[in-house]
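Trainee: So that you have it, the file is run-v8.txt, and it contains compact mmCIF, C-alpha atoms and all ligand atoms:
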# COMPACT_ATOMS: atom_id res chain seq x y z
CA MET A 1 -32.21 36.20 16.04
CA THR A 2 -31.71 33.81 13.12
CA ALA A 3 -30.06 30.45 13.62
CA VAL A 4 -26.86 29.98 11.66
CA THR A 5 -26.78 26.61 9.92
CA GLU A 6 -23.35 25.34 9.08
CA THR A 7 -22.81 23.97 5.57
CA PRO A 8 -22.10 20.24 5.81
CA VAL A 9 -18.49 19.45 4.99
CA LEU A 10 -19.74 16.72 2.66
CA GLN A 11 -23.12 16.38 1.06
CA LEU A 12 -24.31 13.55 -1.17
CA SER A 13 -27.50 14.32 -3.11
CA ALA A 14 -29.58 11.82 -5.10
CA LEU A 15 -26.46 9.71 -5.50
CA SER A 16 -26.77 6.56 -7.59
CA HIS A 17 -24.10 4.31 -8.96
CA THR A 18 -24.24 1.54 -11.53
CA TYR A 19 -21.33 -0.67 -12.58
CA GLN A 20 -21.32 -1.68 -16.23
CA GLY A 21 -20.07 -5.28 -16.37
CA GLN A 22 -19.44 -7.24 -19.58
CA ARG A 23 -22.84 -8.91 -19.42
CA ARG A 24 -24.95 -6.81 -17.13
CA ARG A 25 -25.29 -3.58 -15.25
CA THR A 26 -25.36 -3.65 -11.46
CA THR A 27 -26.92 -0.75 -9.63
CA VAL A 28 -25.17 -0.58 -6.29
CA LEU A 29 -26.36 2.73 -4.81
CA ARG A 30 -29.84 4.16 -5.29
CA GLN A 31 -30.75 7.80 -4.73
CA ILE A 32 -28.73 8.33 -1.58
CA ASP A 33 -29.00 11.62 0.31
CA LEU A 34 -26.53 12.08 3.15
CA SER A 35 -24.82 14.96 4.93
CA PHE A 36 -21.65 14.73 6.97
CA GLU A 37 -20.52 17.35 9.48
CA ARG A 38 -17.14 18.43 10.79
CA GLY A 39 -16.29 17.32 14.32
CA THR A 40 -18.09 14.00 13.88
CA PHE A 41 -16.90 10.41 13.62
CA TYR A 42 -19.21 8.31 11.40
CA THR A 43 -19.24 4.59 10.75
CA ILE A 44 -20.95 3.01 7.76
CA LEU A 45 -22.16 -0.54 8.29
CA GLY A 46 -23.96 -3.02 6.07
CA PRO A 47 -23.78 -6.56 4.75
CA SER A 48 -21.06 -7.61 2.33
CA GLY A 49 -21.84 -6.31 -1.15
CA SER A 50 -24.22 -3.60 0.09
CA GLY A 51 -22.12 -0.83 -1.53
CA LYS A 52 -20.06 0.53 1.39
CA THR A 53 -16.73 0.61 -0.46
CA THR A 54 -18.45 2.04 -3.53
CA LEU A 55 -19.93 4.84 -1.42
CA LEU A 56 -16.50 5.54 0.08
CA SER A 57 -14.81 5.62 -3.37
CA LEU A 58 -17.34 8.15 -4.63
CA ALA A 59 -17.31 10.31 -1.50
CA SER A 60 -13.50 10.35 -1.45
CA GLY A 61 -13.30 11.39 -5.11
CA LEU A 62 -11.73 8.19 -6.42
CA ASP A 63 -14.63 7.49 -8.73
CA THR A 64 -17.51 9.55 -10.09
CA PRO A 65 -21.16 8.64 -9.54
CA THR A 66 -23.36 7.72 -12.47
CA GLN A 67 -26.00 10.09 -11.06
CA GLY A 68 -26.24 12.71 -8.37
CA THR A 69 -23.92 15.27 -6.87
CA ILE A 70 -21.26 15.40 -4.19
CA ARG A 71 -20.43 18.71 -2.54
CA PHE A 72 -17.45 19.57 -0.38
CA ASP A 73 -18.15 22.67 1.75
CA GLY A 74 -21.01 23.43 -0.63
CA GLN A 75 -18.91 23.18 -3.80
CA ASP A 76 -19.62 20.49 -6.40
CA LEU A 77 -16.62 18.15 -6.62
CA THR A 78 -16.67 18.31 -10.41
CA GLN A 79 -16.11 22.08 -10.14
CA LEU A 80 -13.55 21.83 -7.37
CA GLY A 81 -11.69 19.09 -9.27
CA LEU A 82 -11.29 15.55 -7.97
CA GLY A 83 -7.48 15.82 -7.89
CA ARG A 84 -7.58 18.97 -5.80
CA TYR A 85 -10.19 17.46 -3.47
CA ARG A 86 -8.10 14.32 -2.92
CA ASN A 87 -4.89 16.29 -2.47
CA LYS A 88 -6.05 19.07 -0.19
CA HIS A 89 -9.25 18.03 1.53
CA ALA A 90 -9.60 14.26 1.81
CA ALA A 91 -7.34 11.38 2.81
CA THR A 92 -8.16 7.69 2.52
CA VAL A 93 -7.00 4.57 4.33
CA PHE A 94 -7.59 1.82 1.79
CA GLN A 95 -8.66 -1.74 2.56
CA GLN A 96 -5.50 -3.00 0.79
CA TYR A 97 -3.34 -0.24 2.36
CA ASN A 98 -1.82 0.81 -1.05
CA LEU A 99 1.59 1.49 0.49
CA LEU A 100 4.68 2.15 -1.62
CA THR A 101 6.29 -1.23 -1.12
CA TYR A 102 9.85 -0.19 -2.05
CA MET A 103 9.96 2.34 0.77
CA SER A 104 10.20 2.32 4.55
CA ALA A 105 7.19 3.11 6.72
CA LEU A 106 8.73 6.50 7.45
CA ARG A 107 9.23 7.36 3.75
CA ASN A 108 5.66 6.33 3.00
CA VAL A 109 4.45 8.94 5.47
CA THR A 110 6.88 11.73 4.50
CA THR A 111 6.23 11.14 0.78
CA ALA A 112 2.50 11.65 1.34
CA MET A 113 3.28 14.97 3.07
CA GLU A 114 5.56 16.01 0.19
CA ILE A 115 2.99 15.12 -2.48
CA THR A 116 0.20 16.99 -0.74
CA GLY A 117 2.44 19.90 0.27
CA THR A 118 1.69 19.33 3.97
CA LYS A 119 4.01 21.28 6.25
CA PRO A 120 3.83 20.22 9.90
CA PRO A 121 3.11 23.16 12.25
CA THR A 122 6.25 22.36 14.24
CA GLY A 123 9.37 20.39 13.40
CA ARG A 124 10.42 18.72 10.20
CA ARG A 125 8.33 16.30 8.19
CA LYS A 126 10.47 13.42 9.39
CA THR A 127 9.93 14.30 13.05
CA ARG A 128 6.19 14.61 12.54
CA ALA A 129 6.07 11.30 10.62
CA LEU A 130 7.89 9.50 13.45
CA GLU A 131 5.45 11.05 15.93
CA LEU A 132 2.46 9.79 13.92
CA LEU A 133 3.95 6.33 13.52
CA ALA A 134 4.52 6.23 17.29
CA GLN A 135 0.90 7.28 17.84
CA VAL A 136 -0.27 4.18 15.96
CA GLY A 137 2.17 2.03 17.92
CA LEU A 138 5.12 1.72 15.52
CA ASP A 139 8.54 2.38 17.04
CA THR A 140 11.60 3.90 15.32
CA ASP A 141 12.96 0.52 14.27
CA MET A 142 9.70 -0.35 12.54
CA ALA A 143 9.50 3.14 11.05
CA HIS A 144 12.79 2.61 9.23
CA ARG A 145 11.91 -0.90 8.03
CA ASN A 146 10.72 -1.55 4.48
CA VAL A 147 6.94 -1.91 4.70
CA LEU A 148 7.08 -5.43 3.26
CA LYS A 149 9.03 -6.42 6.36
CA LEU A 150 6.13 -5.38 8.58
CA SER A 151 3.16 -7.58 9.49
CA GLY A 152 -0.26 -6.99 7.90
CA GLY A 153 -1.52 -5.18 11.00
CA GLN A 154 1.62 -3.01 11.13
CA GLN A 155 1.23 -2.12 7.44
CA GLN A 156 -2.36 -1.15 8.17
CA ARG A 157 -1.10 1.21 10.88
CA VAL A 158 1.39 2.78 8.45
CA ALA A 159 -1.56 3.43 6.11
CA ILE A 160 -3.40 5.13 8.98
CA ALA A 161 -0.36 7.25 9.95
CA ARG A 162 0.04 8.27 6.29
CA ALA A 163 -3.57 9.44 6.13
CA LEU A 164 -3.20 11.32 9.44
CA ALA A 165 -0.08 13.05 8.10
CA CYS A 166 -2.03 15.04 5.55
CA ASP A 167 -3.88 17.79 7.32
CA VAL A 168 -7.18 17.31 5.51
CA ASP A 169 -10.80 18.04 6.38
CA ILE A 170 -12.17 14.53 5.87
CA LEU A 171 -10.55 11.21 6.69
CA PHE A 172 -12.02 8.15 4.98
CA ALA A 173 -11.09 4.62 6.01
CA ASP A 174 -12.17 1.23 4.72
CA GLU A 175 -12.02 -1.49 7.41
CA PRO A 176 -9.07 0.21 9.15
CA THR A 177 -9.05 -2.16 12.12
CA GLY A 178 -9.65 -5.39 10.19
CA ASN A 179 -6.17 -6.76 10.86
CA LEU A 180 -5.61 -5.39 14.32
CA ASP A 181 -5.84 -6.97 17.75
CA GLU A 182 -8.37 -5.54 20.19
CA ASP A 183 -5.98 -3.22 22.05
CA THR A 184 -4.45 -1.76 18.90
CA ALA A 185 -7.91 -1.34 17.38
CA ASP A 186 -9.03 0.54 20.51
CA GLY A 187 -6.03 2.86 20.09
CA ILE A 188 -7.03 3.60 16.49
CA ILE A 189 -10.63 4.28 17.51
CA ALA A 190 -9.33 6.74 20.13
CA ILE A 191 -7.27 8.50 17.43
CA PHE A 192 -10.33 8.83 15.18
CA ARG A 193 -12.36 10.23 18.07
CA ARG A 194 -9.65 12.79 18.89
CA LEU A 195 -9.39 13.82 15.24
CA ALA A 196 -13.12 14.50 15.14
CA HIS A 197 -13.59 16.00 18.58
CA ASP A 198 -10.30 17.87 19.18
CA GLN A 199 -9.35 18.81 15.61
CA ASN A 200 -12.86 19.25 14.21
CA LYS A 201 -12.28 16.79 11.35
CA CYS A 202 -14.92 14.65 9.72
CA VAL A 203 -14.03 10.95 9.99
CA ILE A 204 -15.95 8.42 7.87
CA VAL A 205 -15.17 4.75 8.35
CA VAL A 206 -16.61 1.71 6.57
CA THR A 207 -16.58 -1.34 8.81
CA HIS A 208 -18.12 -4.62 9.89
CA SER A 209 -16.82 -4.06 13.42
CA GLN A 210 -19.48 -3.40 16.06
CA THR A 211 -16.74 -2.18 18.43
CA LEU A 212 -15.68 0.48 15.95
CA ALA A 213 -19.32 1.42 15.38
CA ALA A 214 -19.89 1.69 19.13
CA GLY A 215 -16.93 4.09 19.37
CA SER A 216 -18.26 6.38 16.66
CA ASP A 217 -20.70 9.28 17.04
CA ARG A 218 -23.11 8.20 14.31
CA THR A 219 -23.67 4.99 12.42
CA LEU A 220 -25.32 4.63 9.01
CA THR A 221 -26.40 1.27 7.63
CA LEU A 222 -26.45 0.48 3.93
CA ARG A 223 -28.78 -2.21 2.65
CA LYS A 224 -29.50 -2.97 -0.98
CA GLY A 225 -28.07 0.32 -2.11
CA LYS A 226 -30.09 2.49 0.30
CA VAL A 227 -29.33 3.91 3.70
CA SER A 228 -31.66 1.83 5.81
CA GLY A 229 -30.98 3.24 9.21
CA THR A 230 -29.05 5.72 11.25
CA ASN A 231 -28.73 5.84 14.97
CA LYS A 232 -27.04 7.86 17.69
CA PRO A 233 -28.53 11.12 16.34
N1 LIG B 1 -15.72 -2.41 -10.51
C1 LIG B 1 -16.84 -3.13 -10.35
N2 LIG B 1 -17.51 -3.64 -11.40
C2 LIG B 1 -18.67 -4.34 -11.25
N3 LIG B 1 -19.24 -4.57 -10.04
C3 LIG B 1 -18.60 -4.10 -8.94
C4 LIG B 1 -17.37 -3.35 -9.03
N4 LIG B 1 -16.98 -3.01 -7.79
C5 LIG B 1 -17.92 -3.51 -6.95
N5 LIG B 1 -18.88 -4.17 -7.65
C6 LIG B 1 -20.09 -4.81 -7.08
O1 LIG B 1 -20.81 -3.81 -6.38
C7 LIG B 1 -21.40 -4.38 -5.21
C8 LIG B 1 -21.01 -3.55 -4.00
O2 LIG B 1 -19.60 -3.69 -3.77
P1 LIG B 1 -18.86 -2.95 -2.58
O3 LIG B 1 -17.43 -3.33 -2.64
O4 LIG B 1 -19.18 -1.50 -2.64
O5 LIG B 1 -19.59 -3.60 -1.33
P2 LIG B 1 -19.20 -3.59 0.22
O6 LIG B 1 -20.46 -3.29 0.96
O7 LIG B 1 -18.05 -2.69 0.46
O8 LIG B 1 -18.77 -5.10 0.45
P3 LIG B 1 -17.73 -5.76 1.53
O9 LIG B 1 -18.33 -5.55 2.90
O10 LIG B 1 -17.75 -7.22 1.12
O11 LIG B 1 -16.39 -5.12 1.34
C9 LIG B 1 -20.97 -5.84 -5.15
O12 LIG B 1 -22.01 -6.64 -5.66
C10 LIG B 1 -19.75 -5.87 -6.05
O13 LIG B 1 -19.62 -7.14 -6.67
Can you present the structure in this file as structure tokens?
Mentor:
Amino acid sequence: MTAVTETPVLQLSALSHTYQGQRRRTTVLRQIDLSFERGTFYTILGPSGSGKTTLLSLASGLDTPTQGTIRFDGQDLTQLGLGRYRNKHAATVFQQYNLLTYMSALRNVTTAMEITGTKPPTGRRKTRALELLAQVGLDTDMAHRNVLKLSGGQQQRVAIARALACDVDILFADEPTGNLDEDTADGIIAIFRRLAHDQNKCVIVVTHSQTLAAGSDRTLTLRKGKVSGTNKP
């Protein structure tokens, strides 16, 4: 009998990235090879400036690497199309949230569903959005409030609900618990674990938080542009 090996949902091969500044070039990532599987919650750690956000921008299709390839389900992202990848297969929770500031929390979530063509399996988009906002601890009153009238931590939770609203294969998040108290952060970690383990999604989170790392299935550490260590095999 031959063993069936599943194609990684995301594969980075010989990935390097260099920023071209006005005076000098900075190589941030050097020849990185990494595979990510469905059903797994990953955290990426590393000192400030080690290239974590850069790695996330490339892997989520927001930027293109100067060298190397990125494959989603075996298909090169340049062939699949970055727009299609970001719309249908990947969702990102940004460090700065990137919410639509003239809208309510609820509209931020439903708009994301409209743009990506996400139809909830049951109920209307609005019902599903309220459900997701409740899951991250935002009640109906907060859901209807303009996002600028929410605290930083509450805005961060709207950004998480918005990413959860799009039924994608990979969820990326950059410091998603940075502004949250311990209990709320624990709730978010539990959501990420459920997404990976119950819904077979791949969750990839950049963080400095050891608590978040401890809640994940695998941690990768970036140092000087290389992956210097992985644990929890
Ligand atoms: N657009 C850019 N142009 C030039 N250099 C950049 C650009 N973006 C990031 N850098 C540099 O690339 C390096 C890696 O940045 P990156 O944001 O990926 O690090 P990080 O590990 O996420 O840091 P932190 O933990 O502080 O958020 C830093 O030295 C940064 O100054």
Trainee: Which residues are near ligand LIG 1 (chain B) - at most 6 Å, using only C-alpha atoms and all ligand atoms? Format: as a ChimeraX atom specification.
Mentor: /A:19,21,28,47-54
Trainee: For CA of Leu220 in chain A and CA of Val203 in chain A, determine how far apart the two atoms are, in Å to one decimal place.
Mentor: 13.0 Å
Trainee: Distance cut-off 7 Å, centre (-0.4, 6.1, 0.6) in file coordinates, counting only C-alpha atoms: which residues qualify? Return them as an MDAnalysis selection string.
Mentor: chainID A and resid 98:100 108 112 159 162
Trainee: CA of Leu58 in chain A and CA of Leu77 in chain A, how far apart in Å?
Mentor: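 Calculated distance between CA of Leu77 in chain A and CA of Leu58 in chain A is 10.2 Å.
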Trainee: What's the 6 Å shell around His17 in chain A, counting all atoms listed in the file, without same-chain residues fewer than 5 positions away, as a PyMOL selection string?
Mentor: chain A and resi 27-29+65-66
Trainee: Which one is closest to Lys226 in chain A: A:Lys88, A:Ile44, A:Val9, A:Gly39? Count only C-alpha atoms.
Mentor: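 Of A:Lys88, A:Ile44, A:Val9, A:Gly39, the one nearest Lys226 in chain A is A:Ile44, counting only C-alpha atoms.
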Trainee: Between A:Thr18, A:Arg128, A:Gln11, A:Val93, which residue has the minimum interatomic distance to Asp63 in chain A, considering only C-alpha atoms?
Mentor: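 Nearest to Asp63 in chain A: A:Thr18.
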Trainee: Find the spatial neighbours of Arg84 in chain A, counting all atoms listed in the file, within a cut-off of 12 Å - ignore same-chain residues fewer than 2 positions away - and output them as a list in words.
Mentor: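 Non-adjacent residues within range: Ser60, Gly61, Leu62, Phe72, Leu77, Thr78, Gln79, Leu80, Gly81, Leu82, Arg86, Asn87, Lys88, His89, Ala90, Ala91, Ile115, Thr116, Gly117 and Val168 of chain A.
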Trainee: Keeping only C-alpha atoms, write those residues as an mmCIF file, in the coordinates of the input.
Mentor:
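Heads up, here's the output in result12.cif:
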data_model
loop_
_atom_site.group_PDB
_atom_site.id
_atom_site.type_symbol
_atom_site.label_atom_id
_atom_site.label_comp_id
_atom_site.auth_asym_id
_atom_site.auth_seq_id
_atom_site.Cartn_x
_atom_site.Cartn_y
_atom_site.Cartn_z
ATOM 1 C CA SER A 60 -13.500 10.350 -1.450
ATOM 2 C CA GLY A 61 -13.300 11.390 -5.110
ATOM 3 C CA LEU A 62 -11.730 8.190 -6.420
ATOM 4 C CA PHE A 72 -17.450 19.570 -0.380
ATOM 5 C CA LEU A 77 -16.620 18.150 -6.620
ATOM 6 C CA THR A 78 -16.670 18.310 -10.410
ATOM 7 C CA GLN A 79 -16.110 22.080 -10.140
ATOM 8 C CA LEU A 80 -13.550 21.830 -7.370
ATOM 9 C CA GLY A 81 -11.690 19.090 -9.270
ATOM 10 C CA LEU A 82 -11.290 15.550 -7.970
ATOM 11 C CA ARG A 86 -8.100 14.320 -2.920
ATOM 12 C CA ASN A 87 -4.890 16.290 -2.470
ATOM 13 C CA LYS A 88 -6.050 19.070 -0.190
ATOM 14 C CA HIS A 89 -9.250 18.030 1.530
ATOM 15 C CA ALA A 90 -9.600 14.260 1.810
ATOM 16 C CA ALA A 91 -7.340 11.380 2.810
ATOM 17 C CA ILE A 115 2.990 15.120 -2.480
ATOM 18 C CA THR A 116 0.200 16.990 -0.740
ATOM 19 C CA GLY A 117 2.440 19.900 0.270
ATOM 20 C CA VAL A 168 -7.180 17.310 5.510
#
Trainee: Return as a Markdown table the residues of range 127-180 of chain A lying at most 7 Å from range 185-192 of chain A, together with the closest atom-to-atom pair for each and the distance in Å to one decimal, counting only C-alpha atoms, with rows in chain order and ascending residue number.
Mentor:
| residue | atom | partner | partner_atom | distance |
| --- | --- | --- | --- | --- |
| A:Val136 | CA | A:Ile188 | CA | 6.8 |
| A:Thr177 | CA | A:Ala185 | CA | 5.4 |
| A:Leu180 | CA | A:Ala185 | CA | 5.6 |
Trainee: Between CA of Arg194 in chain A and CA of Leu15 in chain A, what distance in Å does the model show, to one decimal?
Mentor: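 Separation between CA of Arg194 in chain A and CA of Leu15 in chain A: 29.8 Å.
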Trainee: When you count all atoms listed in the file, which of these residues is closest to Thr118 in chain A: A:Glu175, A:Asp167, A:Asp76, A:Asp33?
Mentor: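 Of A:Glu175, A:Asp167, A:Asp76, A:Asp33, the one nearest Thr118 in chain A, counting all atoms listed in the file, is A:Asp167.
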Trainee: In the coordinates of the file, take the point (-18.9, 0.3, 15.4) and a cut-off of 12 Å; then, counting only C-alpha atoms, name each qualifying protein, DNA or RNA residue as a PyMOL selection string.
Mentor: chain A and resi 41-46+175-177+185-186+189+204-221+231-232
Trainee: Which residue is closest to Cys202 in chain A? Choose from A:Asp139, A:Asp183, A:Glu131, A:Glu37 and count all atoms listed in the file.
Mentor: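 Between A:Asp139, A:Asp183, A:Glu131, A:Glu37, the residue approaching Cys202 in chain A most closely is A:Glu37.
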Trainee: So, counting all atoms listed in the file, which residue among A:Arg124, A:Gln154, A:Gly178, A:Arg38 is closest to His197 in chain A?
Mentor: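 Closest residue, counting all atoms listed in the file: A:Arg38.
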Trainee: Find the residues near Asp73 in chain A: any atom within 7 Å, counting all atoms listed in the file, skip ones fewer than 3 places away on the same chain, and give them as a PyMOL selection string.
Mentor: chain A and resi 7-10
Trainee: Save C-alpha atoms of range 5-95 of chain A from the block above as a JSON list (two decimals), in the first residue's frame.
Mentor:
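In the end it all went to decode.json:
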[["chain", "number", "residue", "atom", "x", "y", "z"],
["A", 5, "THR", "CA", 0.81, 12.53, 1.05],
["A", 6, "GLU", "CA", -1.44, 15.53, 1.16],
["A", 7, "THR", "CA", -0.32, 18.62, -0.77],
["A", 8, "PRO", "CA", 0.42, 21.41, 1.71],
["A", 9, "VAL", "CA", -2.17, 24.15, 1.54],
["A", 10, "LEU", "CA", 0.67, 26.67, 1.38],
["A", 11, "GLN", "CA", 4.24, 26.11, 0.34],
["A", 12, "LEU", "CA", 7.04, 28.66, 0.32],
["A", 13, "SER", "CA", 10.11, 27.61, -1.67],
["A", 14, "ALA", "CA", 13.48, 29.38, -1.70],
["A", 15, "LEU", "CA", 11.70, 32.57, -0.73],
["A", 16, "SER", "CA", 13.82, 35.71, -0.44],
["A", 17, "HIS", "CA", 12.77, 39.30, -0.15],
["A", 18, "THR", "CA", 14.73, 42.51, -0.48],
["A", 19, "TYR", "CA", 13.37, 46.02, 0.04],
["A", 20, "GLN", "CA", 14.85, 48.67, -2.21],
["A", 21, "GLY", "CA", 15.19, 51.84, -0.12],
["A", 22, "GLN", "CA", 16.36, 55.21, -1.44],
["A", 23, "ARG", "CA", 19.92, 54.61, -0.29],
["A", 24, "ARG", "CA", 20.26, 50.90, 0.24],
["A", 25, "ARG", "CA", 18.75, 47.52, -0.26],
["A", 26, "THR", "CA", 17.69, 45.50, 2.77],
["A", 27, "THR", "CA", 17.38, 41.75, 2.43],
["A", 28, "VAL", "CA", 14.78, 40.71, 4.96],
["A", 29, "LEU", "CA", 14.09, 37.06, 4.10],
["A", 30, "ARG", "CA", 16.72, 34.63, 2.85],
["A", 31, "GLN", "CA", 15.94, 31.38, 1.06],
["A", 32, "ILE", "CA", 13.03, 30.31, 3.21],
["A", 33, "ASP", "CA", 11.42, 26.91, 2.68],
["A", 34, "LEU", "CA", 8.24, 26.28, 4.63],
["A", 35, "SER", "CA", 5.10, 24.18, 4.27],
["A", 36, "PHE", "CA", 1.80, 24.80, 6.01],
["A", 37, "GLU", "CA", -0.96, 22.21, 6.37],
["A", 38, "ARG", "CA", -4.71, 22.41, 6.74],
["A", 39, "GLY", "CA", -6.09, 21.71, 10.20],
["A", 40, "THR", "CA", -3.11, 23.35, 11.90],
["A", 41, "PHE", "CA", -2.69, 26.55, 13.90],
["A", 42, "TYR", "CA", 0.80, 28.05, 13.44],
["A", 43, "THR", "CA", 2.46, 30.95, 15.22],
["A", 44, "ILE", "CA", 5.47, 32.79, 13.83],
["A", 45, "LEU", "CA", 7.73, 34.36, 16.43],
["A", 46, "GLY", "CA", 10.92, 36.37, 16.21],
["A", 47, "PRO", "CA", 12.53, 39.61, 17.34],
["A", 48, "SER", "CA", 11.29, 42.96, 16.07],
["A", 49, "GLY", "CA", 12.52, 43.54, 12.53],
["A", 50, "SER", "CA", 13.18, 39.85, 11.84],
["A", 51, "GLY", "CA", 10.77, 39.83, 8.87],
["A", 52, "LYS", "CA", 7.57, 38.34, 10.32],
["A", 53, "THR", "CA", 5.20, 40.91, 8.81],
["A", 54, "THR", "CA", 7.07, 40.72, 5.51],
["A", 55, "LEU", "CA", 6.65, 36.94, 5.46],
["A", 56, "LEU", "CA", 2.93, 37.33, 6.21],
["A", 57, "SER", "CA", 2.47, 39.95, 3.43],
["A", 58, "LEU", "CA", 4.09, 37.65, 0.89],
["A", 59, "ALA", "CA", 2.28, 34.50, 2.03],
["A", 60, "SER", "CA", -1.06, 36.31, 2.04],
["A", 61, "GLY", "CA", -0.54, 37.65, -1.49],
["A", 62, "LEU", "CA", -0.28, 41.32, -0.56],
["A", 63, "ASP", "CA", 3.22, 41.62, -1.94],
["A", 64, "THR", "CA", 5.35, 39.52, -4.28],
["A", 65, "PRO", "CA", 8.71, 38.07, -3.27],
["A", 66, "THR", "CA", 11.87, 39.19, -5.02],
["A", 67, "GLN", "CA", 12.84, 35.51, -5.36],
["A", 68, "GLY", "CA", 11.22, 32.14, -4.84],
["A", 69, "THR", "CA", 7.76, 30.72, -5.24],
["A", 70, "ILE", "CA", 4.58, 30.50, -3.20],
["A", 71, "ARG", "CA", 2.09, 27.75, -3.94],
["A", 72, "PHE", "CA", -1.50, 27.45, -2.77],
["A", 73, "ASP", "CA", -2.73, 23.84, -2.99],
["A", 74, "GLY", "CA", 0.19, 23.19, -5.33],
["A", 75, "GLN", "CA", -0.58, 26.08, -7.68],
["A", 76, "ASP", "CA", 1.85, 28.98, -8.09],
["A", 77, "LEU", "CA", 0.21, 32.18, -6.83],
["A", 78, "THR", "CA", 1.34, 34.07, -9.92],
["A", 79, "GLN", "CA", -0.68, 31.60, -12.03],
["A", 80, "LEU", "CA", -3.66, 31.54, -9.69],
["A", 81, "GLY", "CA", -3.65, 35.36, -9.50],
["A", 82, "LEU", "CA", -3.03, 37.30, -6.31],
["A", 83, "GLY", "CA", -6.48, 38.94, -6.43],
["A", 84, "ARG", "CA", -8.24, 35.60, -6.71],
["A", 85, "TYR", "CA", -6.08, 34.11, -3.93],
["A", 86, "ARG", "CA", -6.86, 37.01, -1.57],
["A", 87, "ASN", "CA", -10.56, 36.98, -2.43],
["A", 88, "LYS", "CA", -11.31, 33.28, -2.35],
["A", 89, "HIS", "CA", -8.64, 31.51, -0.34],
["A", 90, "ALA", "CA", -6.96, 33.79, 2.20],
["A", 91, "ALA", "CA", -8.13, 36.34, 4.75],
["A", 92, "THR", "CA", -5.90, 38.63, 6.79],
["A", 93, "VAL", "CA", -6.26, 40.38, 10.13],
["A", 94, "PHE", "CA", -3.92, 43.35, 9.82],
["A", 95, "GLN", "CA", -1.85, 44.86, 12.62]]
